[in-house]
$ cat upload.cif   # mmCIF, C-alpha atoms
data_work
loop_
_atom_site.label_atom_id
_atom_site.label_comp_id
_atom_site.auth_asym_id
_atom_site.auth_seq_id
_atom_site.Cartn_x
_atom_site.Cartn_y
_atom_site.Cartn_z
CA GLU A 172 85.96 89.22 74.21
CA LEU A 173 87.56 86.66 76.50
CA ASP A 174 85.27 84.12 78.18
CA ASP A 175 85.18 83.74 81.97
CA THR A 176 87.57 80.77 82.02
CA VAL A 177 90.24 82.59 80.03
CA LYS A 178 89.76 85.70 82.17
CA ALA A 179 90.20 83.61 85.33
CA TYR A 180 93.40 82.05 84.00
CA GLU A 181 94.82 85.43 82.96
CA HIS A 182 93.94 86.81 86.39
CA ILE A 183 95.94 84.09 88.17
CA LYS A 184 98.81 84.36 85.71
CA ASN A 185 99.19 88.09 86.35
CA PHE A 186 98.43 87.93 90.07
CA GLU A 187 101.18 89.26 92.36
CA PRO A 188 101.89 86.90 95.31
CA VAL A 189 100.90 88.31 98.69
CA LYS A 190 103.40 89.15 101.41
CA THR A 191 102.68 86.91 104.37
CA ASP A 192 104.01 86.21 107.84
CA ALA A 193 102.99 82.57 107.50
CA THR A 194 105.63 79.85 107.54
CA GLN A 195 107.29 79.50 104.15
CA PRO A 196 107.86 76.04 102.61
CA GLN A 197 110.94 74.18 103.84
CA ASN A 198 113.52 72.49 101.66
CA ILE A 199 113.68 68.82 102.63
CA THR A 200 115.75 66.38 100.61
CA LYS A 201 113.59 63.67 99.05
CA GLN A 202 114.39 60.55 97.03
CA TYR A 203 112.27 59.86 93.97
CA TYR A 204 112.55 57.90 90.74
CA THR A 205 111.51 58.23 87.14
CA GLY A 206 111.78 55.83 84.24
CA SER A 207 112.57 56.57 80.62
CA SER A 208 113.31 54.71 77.42
CA ASN A 209 116.19 57.18 76.98
CA PRO A 210 119.25 55.66 78.75
CA ASN A 211 121.40 58.79 78.48
CA MET A 212 119.37 61.58 80.04
CA THR A 213 121.32 64.29 81.85
CA LYS A 214 118.58 66.80 82.65
CA PHE A 215 114.83 67.11 83.05
CA VAL A 216 113.01 70.17 81.72
CA PRO A 217 109.35 70.97 82.47
CA GLY A 218 107.65 71.16 79.11
CA GLY A 219 110.63 69.57 77.34
CA ASP A 220 113.05 70.94 74.82
CA GLY A 221 112.83 68.24 72.18
CA SER A 222 115.51 66.01 73.67
CA THR A 223 114.64 65.74 77.36
CA LYS A 224 111.81 63.96 79.16
CA THR A 225 108.91 65.67 80.91
CA SER A 226 106.25 63.00 81.56
CA GLY A 227 102.82 64.38 80.85
CA ASP A 228 100.71 67.28 82.06
CA SER A 229 97.75 65.86 84.02
CA PHE A 230 98.71 68.03 87.01
CA GLY A 231 100.38 70.82 85.06
CA LYS A 232 103.47 71.17 82.90
CA GLY A 233 106.28 69.63 84.93
CA VAL A 234 108.59 66.71 85.56
CA TYR A 235 106.69 63.73 87.00
CA LEU A 236 108.43 61.54 89.58
CA THR A 237 107.45 58.64 91.83
CA SER A 238 108.61 57.45 95.24
CA ASN A 239 108.09 53.84 94.11
CA PRO A 240 110.77 52.46 91.76
CA GLU A 241 108.33 49.78 90.60
CA VAL A 242 106.17 52.52 89.10
CA ALA A 243 109.23 54.08 87.44
CA LYS A 244 110.05 50.72 85.87
CA ALA A 245 106.82 50.84 83.90
CA TYR A 246 108.07 54.01 82.19
CA ALA A 247 111.48 52.53 81.38
CA GLN A 248 109.84 50.59 78.54
CA GLY A 249 111.98 47.54 78.13
CA ASP A 250 115.57 46.37 78.15
CA LYS A 251 117.12 49.61 76.94
CA GLY A 252 115.30 51.82 79.42
CA LYS A 253 116.61 53.35 82.62
CA VAL A 254 115.17 53.99 86.05
CA TYR A 255 116.72 57.23 87.29
CA ASN A 256 117.35 57.80 90.99
CA ILE A 257 116.67 61.49 91.73
CA ASN A 258 117.37 63.39 94.93
CA PHE A 259 115.98 66.91 95.26
CA ASP A 260 115.18 69.44 97.96
CA ASN A 261 112.69 71.55 96.01
CA PRO A 262 109.84 72.71 98.29
CA VAL A 263 106.65 70.87 97.31
CA LEU A 264 103.02 71.32 98.35
CA ASP A 265 101.58 68.14 99.88
CA LEU A 266 98.13 67.82 98.32
CA ASP A 267 97.06 65.25 100.92
CA SER A 268 97.44 67.73 103.79
CA LYS A 269 95.12 70.35 105.21
CA ALA A 270 95.21 73.63 103.31
CA ASN A 271 98.59 75.32 103.58
CA THR A 272 98.36 78.84 105.05
CA VAL A 273 100.51 80.49 102.38
CA PHE A 274 98.56 78.71 99.63
CA VAL A 275 95.25 79.83 101.16
CA ASP A 276 96.46 83.43 101.53
CA ASN A 277 97.37 83.63 97.85
CA VAL A 278 94.22 81.94 96.57
CA TYR A 279 92.06 84.14 98.79
CA GLU A 280 93.72 87.36 97.64
CA ALA A 281 93.41 86.29 94.00
CA LEU A 282 89.69 85.70 94.53
CA GLN A 283 89.09 89.21 95.84
CA SER A 284 89.46 90.80 92.42
CA SER A 285 88.43 87.82 90.29
CA SER A 286 85.37 87.20 88.18
CA PRO A 287 82.25 85.66 89.80
CA ASP A 288 82.78 82.55 87.68
CA PHE A 289 86.25 81.99 89.15
CA LYS A 290 85.03 82.57 92.71
CA ASN A 291 82.09 80.19 92.48
CA ARG A 292 84.31 77.40 91.13
CA ILE A 293 86.33 77.56 94.34
CA ILE A 294 83.27 77.74 96.60
CA LYS A 295 81.72 74.84 94.70
CA SER A 296 84.60 72.65 95.89
CA MET A 297 83.86 73.36 99.54
CA PRO A 298 81.82 70.61 101.22
CA PHE A 299 78.34 71.38 102.53
CA LYS A 300 77.87 71.31 106.29
CA GLU A 301 74.56 70.87 108.06
CA LYS A 302 72.94 72.23 111.16
CA VAL A 303 69.78 70.80 112.74
CA PHE A 304 67.12 72.91 114.52
CA SER A 305 63.98 71.90 116.37
CA ASN A 306 62.77 75.50 116.49
CA ALA A 307 61.42 76.95 113.22
CA ASP A 308 62.32 80.56 114.05
CA GLU A 309 65.92 79.66 114.91
CA ALA A 310 66.18 77.65 111.69
CA SER A 311 64.80 80.56 109.67
CA ASN A 312 67.19 83.07 111.24
CA PHE A 313 70.23 80.85 110.61
CA PHE A 314 69.11 80.17 107.04
CA ASP A 315 68.76 83.90 106.33
CA LEU A 316 72.24 84.51 107.77
CA MET A 317 73.79 81.80 105.57
CA VAL A 318 72.01 83.21 102.50
CA LYS A 319 73.48 86.62 103.28
CA LYS A 320 76.99 85.16 103.65
CA TRP A 321 76.60 83.26 100.38
CA GLN A 322 75.46 86.40 98.58
CA GLU A 323 78.46 88.32 99.91
CA ALA A 324 80.98 85.62 99.01
CA ASP A 325 79.41 84.29 95.81
CA GLY A 326 75.79 85.12 94.93
CA TYR A 327 76.46 83.77 91.44
CA PHE A 328 76.01 80.01 91.41
CA GLU A 329 72.77 78.70 92.91
CA GLY A 330 74.40 75.33 93.56
CA ASN A 331 76.49 76.97 96.29
CA ALA A 332 73.46 78.53 98.02
CA PRO A 333 72.17 77.26 101.40
CA LYS A 334 69.37 74.69 101.39
CA VAL A 335 66.68 73.88 103.94
CA GLY A 336 64.84 70.62 104.50
CA LYS A 337 63.10 68.57 107.17
CA ARG A 338 64.13 65.40 108.96
CA GLY A 339 61.23 64.21 111.01
CA ASN A 340 60.18 67.20 113.13
CA ASP A 341 63.58 68.91 112.78
CA PHE A 342 64.71 71.54 110.28
CA VAL A 343 68.01 70.82 108.51
CA ILE A 344 70.08 73.64 106.99
CA GLU A 345 72.84 72.68 104.51
CA TYR A 346 75.33 75.46 103.89
CA LYS A 347 78.86 76.33 102.81
CA ASP A 348 80.86 77.36 105.88
CA LEU A 349 82.27 80.70 104.74
CA GLY A 350 82.80 82.01 108.26
CA GLU A 351 83.59 85.71 108.43
CA ASP A 352 84.94 85.54 104.90
CA LEU A 353 85.96 83.15 102.19
CA LYS A 354 89.41 82.55 103.70
CA ASN A 355 87.87 80.61 106.58
CA GLY A 356 86.17 78.27 104.14
CA LEU A 357 89.40 77.76 102.19
CA SER A 358 91.26 76.94 105.41
CA GLU A 359 88.87 74.05 106.07
CA MET A 360 89.68 72.43 102.73
CA THR A 361 92.65 70.28 101.76
CA ASN A 362 95.37 71.42 99.39
CA LYS A 363 94.06 68.86 96.91
CA GLU A 364 90.52 70.26 96.98
CA ILE A 365 91.79 73.78 96.31
CA PHE A 366 94.20 72.54 93.62
CA GLU A 367 91.42 70.61 91.86
CA ALA A 368 89.13 73.64 92.00
CA LEU A 369 91.82 75.73 90.31
CA SER A 370 92.41 72.91 87.81
CA ALA A 371 88.75 73.19 86.79
CA ILE A 372 89.83 76.41 85.09
CA ASN A 373 92.91 74.69 83.67
CA THR A 374 95.97 72.92 85.05
CA ASP A 375 98.19 75.95 84.41
CA SER A 376 96.03 77.99 86.79
CA ALA A 377 96.62 75.46 89.57
CA SER A 378 100.36 75.08 88.98
CA ASP A 379 100.82 78.86 88.67
CA MET A 380 99.17 79.41 92.05
CA VAL A 381 101.36 76.70 93.62
CA MET A 382 104.49 78.47 92.37
CA LYS A 383 103.22 81.91 93.41
CA SER A 384 102.85 80.44 96.91
CA GLY A 385 106.56 79.62 97.02
CA PHE A 386 106.50 75.93 96.03
CA ASP A 387 108.35 74.36 93.12
CA GLY A 388 105.79 71.58 92.72
CA ILE A 389 103.33 69.22 94.37
CA GLU A 390 103.28 65.70 95.77
CA PHE A 391 100.45 63.33 96.61
CA LEU A 392 99.76 59.69 97.38
CA ASP A 393 98.97 57.82 94.18
CA LYS A 394 96.88 54.81 95.15
CA GLY A 395 96.83 52.01 92.63
CA ALA A 396 99.13 53.48 90.00
CA PHE A 397 98.72 51.52 86.76
CA GLN A 398 96.51 48.48 86.53
CA GLY A 399 98.82 46.59 88.90
CA GLY A 400 97.58 48.54 91.91
CA ILE A 401 101.08 49.72 92.86
CA GLU A 402 101.10 52.54 95.40
CA GLY A 403 103.54 55.36 95.93
CA LYS A 404 103.83 59.12 96.09
CA THR A 405 103.87 61.15 92.90
CA ALA A 406 105.76 64.44 92.71
CA VAL A 407 105.31 66.97 89.92
CA ILE A 408 108.07 69.59 89.76
CA TYR A 409 107.22 72.74 87.80
CA ARG A 410 110.48 74.68 88.06
CA ASN A 411 114.10 74.62 89.32
CA THR A 412 114.67 71.09 88.04
CA ASP A 413 118.32 72.01 87.62
CA LYS A 414 118.55 71.31 91.38
CA PHE A 415 117.98 67.59 90.78
CA ASN A 416 120.85 65.29 91.78
CA LEU A 417 121.23 62.80 88.92
CA ASP A 418 124.57 61.31 89.95
CA ASN A 419 123.29 57.74 89.91
CA LYS A 420 121.32 55.89 87.28
CA ILE A 421 119.97 52.47 88.14
CA LYS A 422 121.20 50.19 85.39
CA ASN A 423 118.97 48.36 82.91
CA SER A 424 115.55 48.07 84.53
CA THR A 425 115.17 44.43 83.55
CA ASP A 426 118.54 43.41 85.03
CA ASP A 427 117.84 40.67 87.59
CA LYS A 428 120.04 42.16 90.33
CA VAL A 429 118.52 45.62 89.94
CA SER A 430 115.01 44.18 89.84
CA LYS A 431 115.67 42.55 93.20
CA MET A 432 116.94 45.87 94.56
CA LEU A 433 113.81 47.62 93.28
CA ARG A 434 111.70 45.09 95.14
CA GLY A 435 113.73 45.70 98.31
CA GLU A 436 115.27 42.24 98.30
CA ILE A 437 118.84 43.62 98.43
CA PRO A 438 120.05 47.02 99.66
CA GLU A 439 120.74 49.75 97.12
CA SER A 440 124.40 49.89 98.21
CA GLU A 441 124.92 46.41 96.81
CA SER A 442 123.15 47.06 93.53
CA GLU A 443 124.96 47.77 90.28
CA LEU A 444 124.94 51.51 89.60
CA VAL A 445 126.09 53.50 86.61
CA LYS A 446 127.86 56.75 87.45
#

$ encode --input "upload.cif" --output "structure tokens"
Amino acid sequence: ELDDTVKAYEHIKNFEPVKTDATQPQNITKQYYTGSSNPNMTKFVPGGDGSTKTSGDSFGKGVYLTSNPEVAKAYAQGDKGKVYNINFDNPVLDLDSKANTVFVDNVYEALQSSSPDFKNRIIKSMPFKEKVFSNADEASNFFDLMVKKWQEADGYFEGNAPKVGKRGNDFVIEYKDLGEDLKNGLSEMTNKEIFEALSAINTDSASDMVMKSGFDGIEFLDKGAFQGGIEGKTAVIYRNTDKFNLDNKIKNSTDDKVSKMLRGEIPESESELVK
């Protein structure tokens, strides 16, 4: 018999995306980079095909890109490597933003018929809120209401249950804000918090839900990439990588002129490019 984690993954994998009136993701052209020791790459395939680069799977099986060419240089691995300049207009989910409505709709609908284990993983990621009462009866009534909402939405993991304590003469209730239903709680989260909750099952569960919500990948601010503390945005593209524009390849990453361009010391139009 399958364990709860495998059941949760299979549930997401087979889940049919919901029809929604919410705004669908827009295609906006973005410029990113990636570095490789292979100087002759012509395509990027999520998961790889034995001859093309994919770049890891920390955030799911995809092609990993960076907005900072200095980060890409680290992957070029020496004199023979290349930093590739990639333009794409694939719709991506910004993990640093408040929860996207389409993303929330799909996660919420998937939760309705999921196992308790799957549901409590999502609720566990929601932050606790607190409410302070000076009146014991009011505190008791609110606590009972939050317990009821928790039981309806979860009722499985005690760590998600409301808690009561005292602060001086006041009563303090800590609770998960589930509102009228779980969707309200999801809407108060960030895309990253929801993505990480899904990743607790496995990274394929998170990337599958991103794609079922109409996005080809994700992007997020990567603070302090590598030990050098270089910052930039990371994009992970899960599908439709054939839309990448790979017309230009920045020549040898250790070339002095290109290095200056990567540092912004000369404009890209004056740098040496290989068509």

$ resolve_selection --input "upload.cif" --expression "the PyMOL selection byres ((chain A and resi 344) around 9)" --output "PDB file with C-alpha atoms, keeping the file's coordinate frame"
ATOM      1  CA  LYS A 300      77.870  71.310 106.290  1.00  0.00           C
ATOM      2  CA  GLU A 301      74.560  70.870 108.060  1.00  0.00           C
ATOM      3  CA  LYS A 302      72.940  72.230 111.160  1.00  0.00           C
ATOM      4  CA  VAL A 303      69.780  70.800 112.740  1.00  0.00           C
ATOM      5  CA  PHE A 304      67.120  72.910 114.520  1.00  0.00           C
ATOM      6  CA  ALA A 310      66.180  77.650 111.690  1.00  0.00           C
ATOM      7  CA  PHE A 313      70.230  80.850 110.610  1.00  0.00           C
ATOM      8  CA  PHE A 314      69.110  80.170 107.040  1.00  0.00           C
ATOM      9  CA  PRO A 333      72.170  77.260 101.400  1.00  0.00           C
ATOM     10  CA  LYS A 334      69.370  74.690 101.390  1.00  0.00           C
ATOM     11  CA  VAL A 335      66.680  73.880 103.940  1.00  0.00           C
ATOM     12  CA  GLY A 336      64.840  70.620 104.500  1.00  0.00           C
ATOM     13  CA  LYS A 337      63.100  68.570 107.170  1.00  0.00           C
ATOM     14  CA  PHE A 342      64.710  71.540 110.280  1.00  0.00           C
ATOM     15  CA  VAL A 343      68.010  70.820 108.510  1.00  0.00           C
ATOM     16  CA  GLU A 345      72.840  72.680 104.510  1.00  0.00           C
ATOM     17  CA  TYR A 346      75.330  75.460 103.890  1.00  0.00           C
TER      18      TYR A 346
END

$ atom_distance --input "upload.cif" --atom1 "CA of Ser284 (chain A)" --atom2 "CA of Leu369 (chain A)"
15.4 Å

$ closest_residue --input "upload.cif" --among "A:Leu353, A:Tyr409, A:Arg292, A:Glu367" --to "Lys320 (chain A)" --atoms "all atoms listed in the file"
A:Leu353

$ residues_around --input "upload.cif" --residues "Ser208 (chain A)" --least-positions-apart "3" --cutoff "9 Å" --atoms "only C-alpha atoms" --output "ChimeraX atom specification"
/A:246-254

$ write_last_selection --input "upload.cif" --atoms "C-alpha atoms" --output "mmCIF file, in the coordinates of the input"
data_model
loop_
_atom_site.group_PDB
_atom_site.id
_atom_site.type_symbol
_atom_site.label_atom_id
_atom_site.label_comp_id
_atom_site.auth_asym_id
_atom_site.auth_seq_id
_atom_site.Cartn_x
_atom_site.Cartn_y
_atom_site.Cartn_z
ATOM 1 C CA TYR A 246 108.070 54.010 82.190
ATOM 2 C CA ALA A 247 111.480 52.530 81.380
ATOM 3 C CA GLN A 248 109.840 50.590 78.540
ATOM 4 C CA GLY A 249 111.980 47.540 78.130
ATOM 5 C CA ASP A 250 115.570 46.370 78.150
ATOM 6 C CA LYS A 251 117.120 49.610 76.940
ATOM 7 C CA GLY A 252 115.300 51.820 79.420
ATOM 8 C CA LYS A 253 116.610 53.350 82.620
ATOM 9 C CA VAL A 254 115.170 53.990 86.050
#

$ atom_distance --input "upload.cif" --atom1 "CA of Gly388 (chain A)" --atom2 "CA of Leu264 (chain A)"
6.3 Å

$ axis_aligned_box --input "upload.cif" --around "region 301-308 of chain A" --padding-each-side "4 Å" --output "lines of an AutoDock Vina configuration file"
center_x = 68.0
center_y = 75.7
center_z = 112.3
size_x = 21.1
size_y = 17.8
size_z = 16.4

$ atom_distance --input "upload.cif" --atom1 "CA of Asn209 (chain A)" --atom2 "CA of Asn256 (chain A)"
14.1 Å

$ resolve_selection --input "upload.cif" --expression "the PyMOL selection byres ((chain A and resi 280) around 10)" --output "list in words"
Phe186, Glu187, Pro188, Val189, Val275, Asp276, Asn277, Val278, Tyr279, Ala281, Leu282, Gln283, Ser284, Ser285, Leu353 and Lys354 of chain A

$ write_last_selection --input "upload.cif" --atoms "C-alpha atoms" --output "mmCIF file, keeping the file's coordinate frame"
data_model
loop_
_atom_site.group_PDB
_atom_site.id
_atom_site.type_symbol
_atom_site.label_atom_id
_atom_site.label_comp_id
_atom_site.auth_asym_id
_atom_site.auth_seq_id
_atom_site.Cartn_x
_atom_site.Cartn_y
_atom_site.Cartn_z
ATOM 1 C CA PHE A 186 98.430 87.930 90.070
ATOM 2 C CA GLU A 187 101.180 89.260 92.360
ATOM 3 C CA PRO A 188 101.890 86.900 95.310
ATOM 4 C CA VAL A 189 100.900 88.310 98.690
ATOM 5 C CA VAL A 275 95.250 79.830 101.160
ATOM 6 C CA ASP A 276 96.460 83.430 101.530
ATOM 7 C CA ASN A 277 97.370 83.630 97.850
ATOM 8 C CA VAL A 278 94.220 81.940 96.570
ATOM 9 C CA TYR A 279 92.060 84.140 98.790
ATOM 10 C CA ALA A 281 93.410 86.290 94.000
ATOM 11 C CA LEU A 282 89.690 85.700 94.530
ATOM 12 C CA GLN A 283 89.090 89.210 95.840
ATOM 13 C CA SER A 284 89.460 90.800 92.420
ATOM 14 C CA SER A 285 88.430 87.820 90.290
ATOM 15 C CA LEU A 353 85.960 83.150 102.190
ATOM 16 C CA LYS A 354 89.410 82.550 103.700
#

$ resolve_selection --input "upload.cif" --expression "the PyMOL selection byres ((chain A and resi 291) around 8)" --output "list of chain:residue names"
A:Pro287, A:Asp288, A:Phe289, A:Lys290, A:Arg292, A:Ile293, A:Ile294, A:Lys295, A:Asp325, A:Tyr327, A:Phe328, A:Asn331

$ closest_residue --input "upload.cif" --among "A:Phe415, A:Asn373, A:Ala307, A:Ile199" --to "Thr213 (chain A)" --atoms "all atoms listed in the file"
A:Phe415

$ residues_around --input "upload.cif" --residues "Gly403 (chain A)" --least-positions-apart "6" --cutoff "6 Å" --atoms "only C-alpha atoms" --output "MDAnalysis selection string"
chainID A and resid 238:239 392:393

$ residues_around --input "upload.cif" --residues "Val407 (chain A)" --least-positions-apart "4" --cutoff "12 Å" --atoms "only C-alpha atoms" --output "number ranges by chain"
A: 203-205, 215-218, 225-238, 259, 261-266, 378, 381-382, 386-393, 411-412

$ write_last_selection --input "upload.cif" --atoms "C-alpha atoms" --output "PDB file, in the frame of the given file"
ATOM      1  CA  TYR A 203     112.270  59.860  93.970  1.00  0.00           C
ATOM      2  CA  TYR A 204     112.550  57.900  90.740  1.00  0.00           C
ATOM      3  CA  THR A 205     111.510  58.230  87.140  1.00  0.00           C
ATOM      4  CA  PHE A 215     114.830  67.110  83.050  1.00  0.00           C
ATOM      5  CA  VAL A 216     113.010  70.170  81.720  1.00  0.00           C
ATOM      6  CA  PRO A 217     109.350  70.970  82.470  1.00  0.00           C
ATOM      7  CA  GLY A 218     107.650  71.160  79.110  1.00  0.00           C
ATOM      8  CA  THR A 225     108.910  65.670  80.910  1.00  0.00           C
ATOM      9  CA  SER A 226     106.250  63.000  81.560  1.00  0.00           C
ATOM     10  CA  GLY A 227     102.820  64.380  80.850  1.00  0.00           C
ATOM     11  CA  ASP A 228     100.710  67.280  82.060  1.00  0.00           C
ATOM     12  CA  SER A 229      97.750  65.860  84.020  1.00  0.00           C
ATOM     13  CA  PHE A 230      98.710  68.030  87.010  1.00  0.00           C
ATOM     14  CA  GLY A 231     100.380  70.820  85.060  1.00  0.00           C
ATOM     15  CA  LYS A 232     103.470  71.170  82.900  1.00  0.00           C
ATOM     16  CA  GLY A 233     106.280  69.630  84.930  1.00  0.00           C
ATOM     17  CA  VAL A 234     108.590  66.710  85.560  1.00  0.00           C
ATOM     18  CA  TYR A 235     106.690  63.730  87.000  1.00  0.00           C
ATOM     19  CA  LEU A 236     108.430  61.540  89.580  1.00  0.00           C
ATOM     20  CA  THR A 237     107.450  58.640  91.830  1.00  0.00           C
ATOM     21  CA  SER A 238     108.610  57.450  95.240  1.00  0.00           C
ATOM     22  CA  PHE A 259     115.980  66.910  95.260  1.00  0.00           C
ATOM     23  CA  ASN A 261     112.690  71.550  96.010  1.00  0.00           C
ATOM     24  CA  PRO A 262     109.840  72.710  98.290  1.00  0.00           C
ATOM     25  CA  VAL A 263     106.650  70.870  97.310  1.00  0.00           C
ATOM     26  CA  LEU A 264     103.020  71.320  98.350  1.00  0.00           C
ATOM     27  CA  ASP A 265     101.580  68.140  99.880  1.00  0.00           C
ATOM     28  CA  LEU A 266      98.130  67.820  98.320  1.00  0.00           C
ATOM     29  CA  SER A 378     100.360  75.080  88.980  1.00  0.00           C
ATOM     30  CA  VAL A 381     101.360  76.700  93.620  1.00  0.00           C
ATOM     31  CA  MET A 382     104.490  78.470  92.370  1.00  0.00           C
ATOM     32  CA  PHE A 386     106.500  75.930  96.030  1.00  0.00           C
ATOM     33  CA  ASP A 387     108.350  74.360  93.120  1.00  0.00           C
ATOM     34  CA  GLY A 388     105.790  71.580  92.720  1.00  0.00           C
ATOM     35  CA  ILE A 389     103.330  69.220  94.370  1.00  0.00           C
ATOM     36  CA  GLU A 390     103.280  65.700  95.770  1.00  0.00           C
ATOM     37  CA  PHE A 391     100.450  63.330  96.610  1.00  0.00           C
ATOM     38  CA  LEU A 392      99.760  59.690  97.380  1.00  0.00           C
ATOM     39  CA  ASP A 393      98.970  57.820  94.180  1.00  0.00           C
ATOM     40  CA  ASN A 411     114.100  74.620  89.320  1.00  0.00           C
ATOM     41  CA  THR A 412     114.670  71.090  88.040  1.00  0.00           C
TER      42      THR A 412
END
